[in-house]
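Just structure-v1.cif here, mmCIF, C-alpha atoms:
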data_input
#
loop_
_atom_site.label_atom_id
_atom_site.label_comp_id
_atom_site.auth_asym_id
_atom_site.auth_seq_id
_atom_site.Cartn_x
_atom_site.Cartn_y
_atom_site.Cartn_z
CA MET A 1 157.67 2.35 70.29
CA ALA A 2 155.05 4.76 68.95
CA VAL A 3 153.39 3.76 65.70
CA CYS A 4 153.39 6.44 62.98
CA LEU A 5 149.81 6.64 61.72
CA PRO A 6 148.85 8.08 58.33
CA ASP A 7 147.46 11.64 58.15
CA THR A 8 144.80 11.24 55.46
CA GLN A 9 143.43 14.77 55.98
CA ASP A 10 146.36 16.17 54.04
CA ASP A 11 145.65 13.99 51.00
CA ALA A 12 144.18 15.51 47.86
CA PRO A 13 140.37 15.13 47.61
CA SER A 14 138.86 13.14 44.76
CA ILE A 15 136.64 16.16 43.99
CA PRO A 16 138.66 19.43 44.20
CA ILE A 17 136.04 21.77 45.69
CA LYS A 18 136.80 24.19 48.51
CA LEU A 19 134.41 24.25 51.48
CA THR A 20 133.18 27.33 53.32
CA ARG A 21 132.91 25.96 56.87
CA VAL A 22 134.14 22.68 58.33
CA GLY A 23 134.48 21.97 62.01
CA VAL A 24 132.78 20.89 65.19
CA THR A 25 129.54 21.88 66.91
CA GLY A 26 128.23 21.42 70.42
CA VAL A 27 131.55 21.47 72.31
CA LYS A 28 130.57 21.98 75.95
CA LYS A 29 133.02 23.31 78.53
CA LEU A 30 132.97 24.51 82.12
CA LEU A 31 134.18 28.10 82.35
CA GLN A 32 134.87 30.13 85.48
CA LEU A 33 135.55 33.81 84.91
CA GLU A 34 137.18 35.64 87.78
CA ARG A 35 135.97 39.15 88.64
CA THR A 36 137.72 41.81 90.71
CA ASN A 37 136.12 42.11 94.17
CA LYS A 38 133.16 39.99 93.05
CA ARG A 39 132.22 36.34 93.03
CA PRO A 40 133.40 34.49 89.91
CA ILE A 41 130.92 33.81 87.12
CA ILE A 42 130.36 30.11 86.43
CA LEU A 43 129.26 29.35 82.87
CA LEU A 44 128.61 26.18 80.88
CA PRO A 45 129.16 27.43 77.33
CA THR A 46 128.66 25.55 74.10
CA PHE A 47 131.13 26.25 71.29
CA ASP A 48 130.92 25.81 67.52
CA ALA A 49 134.26 26.10 65.71
CA PHE A 50 134.83 26.19 61.94
CA VAL A 51 137.55 26.78 59.36
CA ASP A 52 137.37 26.95 55.60
CA LEU A 53 138.99 24.14 53.60
CA PRO A 54 141.00 24.61 50.38
CA ASN A 55 140.18 22.52 47.32
CA ASP A 56 143.48 20.65 47.47
CA GLN A 57 143.00 19.22 50.97
CA LYS A 58 140.79 16.24 51.77
CA GLY A 59 139.80 17.21 55.32
CA VAL A 60 140.46 19.47 58.28
CA HIS A 61 142.33 18.36 61.36
CA MET A 62 139.10 18.21 63.33
CA SER A 63 140.59 17.54 66.79
CA ARG A 64 142.51 20.81 66.66
CA ASN A 65 139.30 22.81 67.14
CA PRO A 66 138.28 21.47 70.58
CA GLU A 67 141.98 21.35 71.42
CA ALA A 68 142.27 25.10 70.76
CA ILE A 69 139.17 25.78 72.86
CA SER A 70 140.54 23.80 75.81
CA GLU A 71 143.96 25.42 75.66
CA VAL A 72 142.56 28.95 75.67
CA LEU A 73 140.07 28.26 78.46
CA GLU A 74 142.84 26.92 80.69
CA THR A 75 144.93 30.03 80.00
CA VAL A 76 142.30 32.73 80.64
CA ALA A 77 140.24 31.15 83.42
CA LYS A 78 142.03 33.13 86.12
CA ASP A 79 142.26 36.39 84.15
CA SER A 80 139.68 38.86 85.50
CA THR A 81 140.17 41.18 82.51
CA VAL A 82 138.97 38.74 79.81
CA ASP A 83 135.40 38.97 78.50
CA ILE A 84 133.71 36.21 76.53
CA GLU A 85 134.06 37.88 73.12
CA SER A 86 137.80 38.35 73.70
CA LEU A 87 137.94 34.71 74.77
CA CYS A 88 136.48 33.77 71.38
CA ALA A 89 139.02 36.01 69.64
CA LYS A 90 141.86 34.21 71.46
CA ILE A 91 140.47 30.86 70.32
CA VAL A 92 140.42 32.15 66.74
CA GLU A 93 144.08 33.16 67.09
CA LYS A 94 144.96 29.69 68.35
CA MET A 95 143.00 28.01 65.55
CA MET A 96 144.74 30.15 62.95
CA ILE A 97 148.05 28.74 64.18
CA LYS A 98 146.82 25.16 64.25
CA HIS A 99 145.13 25.38 60.81
CA GLU A 100 147.86 27.06 58.78
CA TYR A 101 145.95 26.37 55.54
CA ALA A 102 142.80 28.21 56.69
CA LYS A 103 141.88 31.62 55.29
CA ARG A 104 138.83 32.03 57.53
CA VAL A 105 138.22 30.84 61.08
CA GLU A 106 134.97 31.24 63.03
CA ILE A 107 134.11 30.50 66.64
CA SER A 108 130.75 31.06 68.31
CA MET A 109 129.71 30.54 71.90
CA THR A 110 126.35 30.47 73.68
CA THR A 111 125.73 30.07 77.37
CA ASP A 112 123.00 30.57 79.93
CA PHE A 113 123.61 33.58 82.15
CA MET A 114 121.95 34.10 85.51
CA PHE A 115 121.35 37.64 86.77
CA MET A 116 119.53 39.09 89.76
CA LYS A 117 116.57 41.45 89.67
CA GLU A 118 113.70 42.58 91.87
CA SER A 119 109.98 42.08 91.32
CA PRO A 120 108.27 45.38 90.42
CA VAL A 121 106.22 46.00 93.60
CA THR A 122 107.19 43.66 96.44
CA LYS A 123 110.89 43.93 95.52
CA ASN A 124 111.48 40.23 96.02
CA LYS A 125 114.90 39.24 94.74
CA THR A 126 114.72 36.70 91.94
CA GLN A 127 117.18 34.90 89.70
CA GLU A 128 116.53 35.53 86.01
CA MET A 129 117.98 33.77 82.98
CA ALA A 130 119.33 35.18 79.74
CA LYS A 131 121.43 33.67 77.00
CA LEU A 132 124.80 35.25 76.21
CA ILE A 133 126.19 35.01 72.68
CA ALA A 134 129.79 35.63 71.67
CA LYS A 135 131.43 35.26 68.27
CA ALA A 136 134.76 35.90 66.60
CA VAL A 137 135.74 35.63 62.94
CA GLY A 138 139.33 35.72 61.72
CA LYS A 139 140.46 36.24 58.13
CA ARG A 140 143.97 35.70 56.77
CA ASP A 141 145.04 37.58 53.63
CA ASP A 142 147.52 36.38 51.01
CA ASP A 143 150.38 38.02 52.91
CA GLY A 144 149.53 36.13 56.10
CA ASN A 145 148.06 39.12 57.92
CA ILE A 146 145.16 38.21 60.22
CA ASP A 147 142.15 40.41 60.97
CA ILE A 148 139.79 39.34 63.78
CA ARG A 149 136.34 40.80 64.44
CA LYS A 150 134.51 39.86 67.62
CA SER A 151 130.88 40.26 68.69
CA ILE A 152 128.90 40.13 71.92
CA GLY A 153 125.17 39.58 72.21
CA ALA A 154 122.28 38.49 74.38
CA GLU A 155 118.92 36.78 74.02
CA LEU A 156 116.15 37.44 76.51
CA ILE A 157 112.49 36.59 77.07
CA GLY A 158 109.99 39.38 77.73
CA MET A 159 106.30 40.19 77.22
CA THR A 160 104.59 42.05 74.39
CA VAL A 161 101.03 43.30 74.01
CA CYS A 162 99.40 43.63 70.58
CA PRO A 163 98.47 47.27 69.76
CA CYS A 164 96.02 46.31 67.00
CA ALA A 165 93.85 44.05 69.17
CA GLN A 166 93.96 46.57 72.00
CA GLU A 167 92.71 49.36 69.74
CA SER A 168 89.83 47.21 68.50
CA VAL A 169 88.83 46.40 72.10
CA ARG A 170 88.99 50.10 72.93
CA GLU A 171 86.70 51.03 70.03
CA SER A 172 84.22 48.28 70.93
CA ASP A 173 84.08 49.46 74.55
CA LYS A 174 83.75 53.08 73.42
CA THR A 175 80.62 52.18 71.45
CA LYS A 176 79.12 50.43 74.47
CA LEU A 177 79.98 53.34 76.83
CA LEU A 178 78.33 55.86 74.53
CA GLU A 179 75.02 54.00 74.98
CA PHE A 180 74.68 55.41 78.51
CA LEU A 181 77.44 58.08 78.87
CA ASP A 182 77.98 61.39 77.14
CA GLU A 183 81.03 62.05 74.91
CA GLU A 184 83.03 63.89 77.57
CA THR A 185 82.56 61.27 80.27
CA THR A 186 83.24 58.48 77.80
CA GLN A 187 86.52 60.09 76.81
CA LYS A 188 87.55 60.38 80.47
CA VAL A 189 86.89 56.67 80.91
CA LEU A 190 88.86 55.82 77.77
CA ASP A 191 91.78 57.93 78.98
CA THR A 192 91.74 56.25 82.41
CA VAL A 193 91.06 52.56 81.80
CA THR A 194 93.67 50.08 80.55
CA PHE A 195 92.17 47.98 77.75
CA ALA A 196 92.67 44.29 77.14
CA SER A 197 94.63 42.75 74.30
CA HIS A 198 96.28 39.46 73.49
CA ASN A 199 99.85 38.91 74.69
CA GLN A 200 102.95 37.23 73.37
CA ARG A 201 106.05 35.83 74.95
CA GLY A 202 108.74 37.80 73.14
CA ILE A 203 112.27 36.59 72.48
CA GLY A 204 114.61 39.50 71.77
CA THR A 205 118.16 39.15 70.46
CA LEU A 206 120.93 41.71 70.05
CA LEU A 207 124.38 41.12 68.58
CA ILE A 208 126.96 43.88 68.14
CA GLU A 209 130.55 43.89 66.96
CA VAL A 210 133.11 45.01 69.51
CA PRO A 211 136.14 46.85 68.08
CA GLU A 212 139.53 46.62 69.77
CA HIS A 213 139.85 48.80 72.90
CA TYR A 214 136.06 49.05 73.31
CA THR A 215 133.97 47.35 75.99
CA ILE A 216 130.30 46.49 75.68
CA LYS A 217 128.68 45.00 78.75
CA ALA A 218 126.31 42.12 78.18
CA GLU A 219 124.18 43.44 81.06
CA ASP A 220 123.59 46.66 79.07
CA LEU A 221 122.38 44.65 76.07
CA ILE A 222 120.03 42.69 78.34
CA GLU A 223 118.57 45.96 79.64
CA ILE A 224 118.10 47.28 76.08
CA ILE A 225 116.30 44.12 74.95
CA GLU A 226 114.08 44.04 78.04
CA SER A 227 113.09 47.72 77.81
CA SER A 228 112.26 47.41 74.10
CA MET A 229 109.28 45.13 74.77
CA SER A 230 106.00 45.89 76.53
CA SER A 231 107.25 44.59 79.86
CA PRO A 232 109.98 42.50 81.46
CA VAL A 233 108.97 39.16 82.90
CA CYS A 234 109.97 37.90 86.30
CA GLU A 235 110.39 34.41 87.74
CA LEU A 236 108.83 35.33 91.09
CA LEU A 237 105.68 37.48 91.08
CA LYS A 238 103.27 37.96 93.97
CA ARG A 239 99.77 39.32 93.25
CA PRO A 240 100.76 43.02 93.39
CA ASP A 241 103.69 42.24 91.06
CA GLU A 242 101.43 40.38 88.62
CA ASN A 243 99.04 43.31 88.55
CA ALA A 244 101.83 45.82 87.93
CA THR A 245 103.39 43.67 85.18
CA VAL A 246 100.10 43.24 83.30
CA MET A 247 99.03 46.87 83.71
CA ASN A 248 102.42 48.26 82.68
CA ALA A 249 102.58 45.97 79.65
CA HIS A 250 99.13 47.05 78.43
CA ARG A 251 100.14 50.69 78.75
CA LYS A 252 103.01 50.01 76.33
CA PRO A 253 101.67 47.86 73.46
CA VAL A 254 104.24 47.08 70.75
CA PHE A 255 104.37 45.15 67.49
CA VAL A 256 107.25 42.78 66.80
CA GLU A 257 108.56 45.46 64.42
CA ASP A 258 108.47 48.05 67.22
CA CYS A 259 110.70 45.88 69.40
CA VAL A 260 113.42 45.73 66.73
CA ARG A 261 113.20 49.47 66.07
CA ASN A 262 113.31 50.22 69.79
CA MET A 263 116.44 48.10 70.22
CA MET A 264 118.14 49.73 67.26
CA GLU A 265 117.39 53.26 68.45
CA LYS A 266 118.71 52.50 71.94
CA ILE A 267 121.88 50.94 70.48
CA ALA A 268 122.50 53.93 68.19
CA THR A 269 122.10 56.33 71.10
CA LYS A 270 124.14 54.44 73.70
CA TYR A 271 127.00 53.41 71.40
CA SER A 272 127.16 56.35 69.01
CA ASP A 273 130.92 56.66 69.62
CA LEU A 274 131.67 53.26 68.07
CA PRO A 275 133.10 53.14 64.53
CA ASP A 276 130.57 53.41 61.71
CA ASP A 277 131.46 49.99 60.27
CA VAL A 278 130.38 48.13 63.43
CA LEU A 279 127.79 45.52 62.46
CA ILE A 280 124.58 45.28 64.51
CA THR A 281 121.91 42.57 64.42
CA SER A 282 118.57 43.04 66.17
CA ARG A 283 115.98 40.27 66.13
CA GLN A 284 112.59 39.71 67.74
CA GLU A 285 110.33 36.67 67.66
CA ASN A 286 106.94 36.82 69.37
CA GLN A 287 105.26 33.54 70.26
CA GLU A 288 101.63 34.27 69.46
CA SER A 289 98.80 33.41 71.84
CA ILE A 290 95.89 33.54 69.36
CA HIS A 291 97.68 32.13 66.29
CA ARG A 292 99.52 28.89 65.63
CA HIS A 293 102.35 30.81 63.99
CA ASN A 294 104.87 33.27 65.47
CA ALA A 295 105.73 36.84 64.44
CA PHE A 296 109.30 37.72 63.47
CA ALA A 297 111.29 40.86 62.62
CA GLU A 298 114.99 41.53 62.12
CA LYS A 299 117.40 44.26 61.07
CA VAL A 300 121.06 43.84 60.18
CA THR A 301 122.97 47.06 59.58
CA THR A 302 126.13 48.99 60.32
CA LEU A 303 126.14 51.66 62.99
CA GLY A 304 126.88 54.32 60.36
CA GLU A 305 123.86 53.33 58.28
CA LEU A 306 121.68 53.23 61.40
CA LYS A 307 122.77 56.68 62.59
CA GLU A 308 122.09 58.07 59.11
CA GLU A 309 118.55 56.60 59.18
CA LEU A 310 117.91 58.12 62.61
CA GLY A 311 119.59 61.44 61.86
CA ILE A 312 122.15 61.00 64.63
CA GLU A 313 125.44 62.85 64.15
#

Here is a file; write its structure as structure tokens.
Amino acid sequence: MAVCLPDTQDDAPSIPIKLTRVGVTGVKKLLQLERTNKRPIILLPTFDAFVDLPNDQKGVHMSRNPEAISEVLETVAKDSTVDIESLCAKIVEKMMIKHEYAKRVEISMTTDFMFMKESPVTKNKTQEMAKLIAKAVGKRDDDGNIDIRKSIGAELIGMTVCPCAQESVRESDKTKLLEFLDEETTQKVLDTVTFASHNQRGIGTLLIEVPEHYTIKAEDLIEIIESSMSSPVCELLKRPDENATVMNAHRKPVFVEDCVRNMMEKIATKYSDLPDDVLITSRQENQESIHRHNAFAEKVTTLGELKEELGIE
């Protein structure tokens, strides 16, 4: 005979304070997403799942969060139409049912994502790694109506070249060239030669809300992040590829601030048809090579505000 165990989570707390987020972090699952006429994508995502807690309840039913994740993953694994942000939205729906007291539910997911690319000159095929980010937040009003907003994002490593250091090197070399060349010849050299600078390993992140009936491909976000830096990086580079990567990067020096602005401009142009209240987060962190600290820049805005800044109708 089954023993009826007490459910202390439903007791009243000794201190009646509501909590913003309570839940579980680091829930790892194996996920296989089927694709039409393509090989399935195998992911090993990590989930964080939270609900808010009212001031008259001692604790959340913690096991219901990983339970909801497992149930949804089993349901959608063979559905080739489900993307990862919609997967998160379905988990939020399930958690809303399981946590009937919750007014706000949040699920976030991160996973490594392997994609193929070619090296710039030799065209060797190479496997590259990005991080995919998906998130969904559900809110329940006093009438029991539920509104869910989902987001898709990516994080990618690239290369940046410092414009300030490059300009100082250029001016120093100009002074030396003028010691034995005339102004016209010196200018021709300056216009031809690629000047040195210090480099950073850049980590770019984009996160954008996805309204119902809209699709945003994670691969497009990866391309936007990559193209917003000085140069992409590649796992396999032969000597001609190394030369092309370094030369191309030094022809496109960018500050950490430039990377964020570049991403935002590309997002506003590519997704101008999305609703104005769509929230966009662009973030760049450059791991410095000549400092012990890193450089960081970020912008969080709605698409409407961004288009107004850029003068896009």

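Considering only C-alpha atoms, the residue among A:Arg104, A:Lys117, A:Lys123, A:Lys238 positioned nearest to A:Arg140 is A:Arg104.
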
Step by step, work through what the PyMOL selection byres ((chain A and resi 210) around 8) selects in the shown file, and finish by giving those residues as a ChimeraX atom specification.
/A:149-152,208-209,211-212,214-216,278

Going by the chain IDs and residue numbers used in this file, which residues fall under the PyMOL selection byres ((chain A and resi 60) around 10)? Write them as a PyMOL selection string.
chain A and resi 8-10+22-23+50-54+57-59+61-65+99+101-102

Which distance in Å separates atom CA of A:Arg239 and atom CA of A:Lys125, to one decimal?
15.2 Å

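With all atoms listed in the file as the basis for measurement, A:Val121 is the residue among A:Ile42, A:Val260, A:Ala130, A:Val121 that approaches A:Glu242 most closely.
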
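With only C-alpha atoms as the basis for measurement, A:Leu206 is the residue among A:Ala49, A:Cys164, A:Leu206, A:Leu177 that approaches A:Glu219 most closely.
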
Target residues per the PyMOL selection byres ((chain A and resi 298) around 6), formatted as a PyMOL selection string
chain A and resi 282-283+297+299

Among the residues A:Ile146, A:Leu310, A:Met114, A:Lys135, the one that comes closest to A:Glu93 [using only C-alpha atoms]
A:Ile146

At a cut-off of 8 Å, using all atoms listed in the file, what residues contact A:Phe113? Leave out same-chain residues fewer than 4 positions from it and give the result as a JSON list (two decimals) with C-alpha atoms, in the coordinates of the input.
[["chain", "number", "residue", "atom", "x", "y", "z"],
["A", 43, "LEU", "CA", 129.26, 29.35, 82.87],
["A", 129, "MET", "CA", 117.98, 33.77, 82.98],
["A", 130, "ALA", "CA", 119.33, 35.18, 79.74],
["A", 131, "LYS", "CA", 121.43, 33.67, 77.00],
["A", 132, "LEU", "CA", 124.80, 35.25, 76.21]]

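One finds atom CA of A:Arg21 at 15.1 Å from atom CA of A:Glu100.
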
Would you compute, for all listed atoms of stretch 174-179 of chain A, the axis-aligned bounding box grown by 8 Å on each side, and then report its centre and edge lengths in Å rounded to one decimal, as JSON?
{"center_x": 79.4, "center_y": 53.1, "center_z": 74.1, "size_x": 24.7, "size_y": 21.4, "size_z": 21.4}

Residue contacts of A:Val189 (12 Å, only C-alpha atoms) excluding same-chain residues fewer than 5 positions away, as an mmCIF file with C-alpha atoms, in the frame of the given file:
data_model
loop_
_atom_site.group_PDB
_atom_site.id
_atom_site.type_symbol
_atom_site.label_atom_id
_atom_site.label_comp_id
_atom_site.auth_asym_id
_atom_site.auth_seq_id
_atom_site.Cartn_x
_atom_site.Cartn_y
_atom_site.Cartn_z
ATOM 1 C CA ARG A 170 88.990 50.100 72.930
ATOM 2 C CA ASP A 173 84.080 49.460 74.550
ATOM 3 C CA LYS A 174 83.750 53.080 73.420
ATOM 4 C CA LYS A 176 79.120 50.430 74.470
ATOM 5 C CA LEU A 177 79.980 53.340 76.830
ATOM 6 C CA LEU A 178 78.330 55.860 74.530
ATOM 7 C CA LEU A 181 77.440 58.080 78.870
ATOM 8 C CA ASP A 182 77.980 61.390 77.140
ATOM 9 C CA GLU A 183 81.030 62.050 74.910
ATOM 10 C CA GLU A 184 83.030 63.890 77.570
ATOM 11 C CA THR A 194 93.670 50.080 80.550
ATOM 12 C CA PHE A 195 92.170 47.980 77.750
#

Could you tell me how far atom CA of A:Pro40 sits from atom CA of A:Thr110, in Å to one decimal place?
18.1 Å

Which residue of A:Lys188, A:Arg292, A:Lys103, A:Arg201 approaches A:Val256 most closely, using only C-alpha atoms:
A:Arg201

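If only C-alpha atoms are the atoms counted, then among A:Ala154, A:Glu67, A:Ala196, A:Asp112 the closest residue to A:Ser168 is A:Ala196.
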
Fewer than 5 positions away in the same chain doesn't count, so skip those; otherwise give me all residues within 10 Å of A:Glu309, counting only C-alpha atoms, as a PyMOL selection string.
chain A and resi 265+303-304

Got time to write the residues from that selection, C-alpha atoms, as a PDB file, in the frame of the given file?
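To be explicit, this is the file written out as result21.pdb:
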ATOM      1  CA  GLU A 265     117.390  53.260  68.450  1.00  0.00           C
ATOM      2  CA  LEU A 303     126.140  51.660  62.990  1.00  0.00           C
ATOM      3  CA  GLY A 304     126.880  54.320  60.360  1.00  0.00           C
TER       4      GLY A 304
END
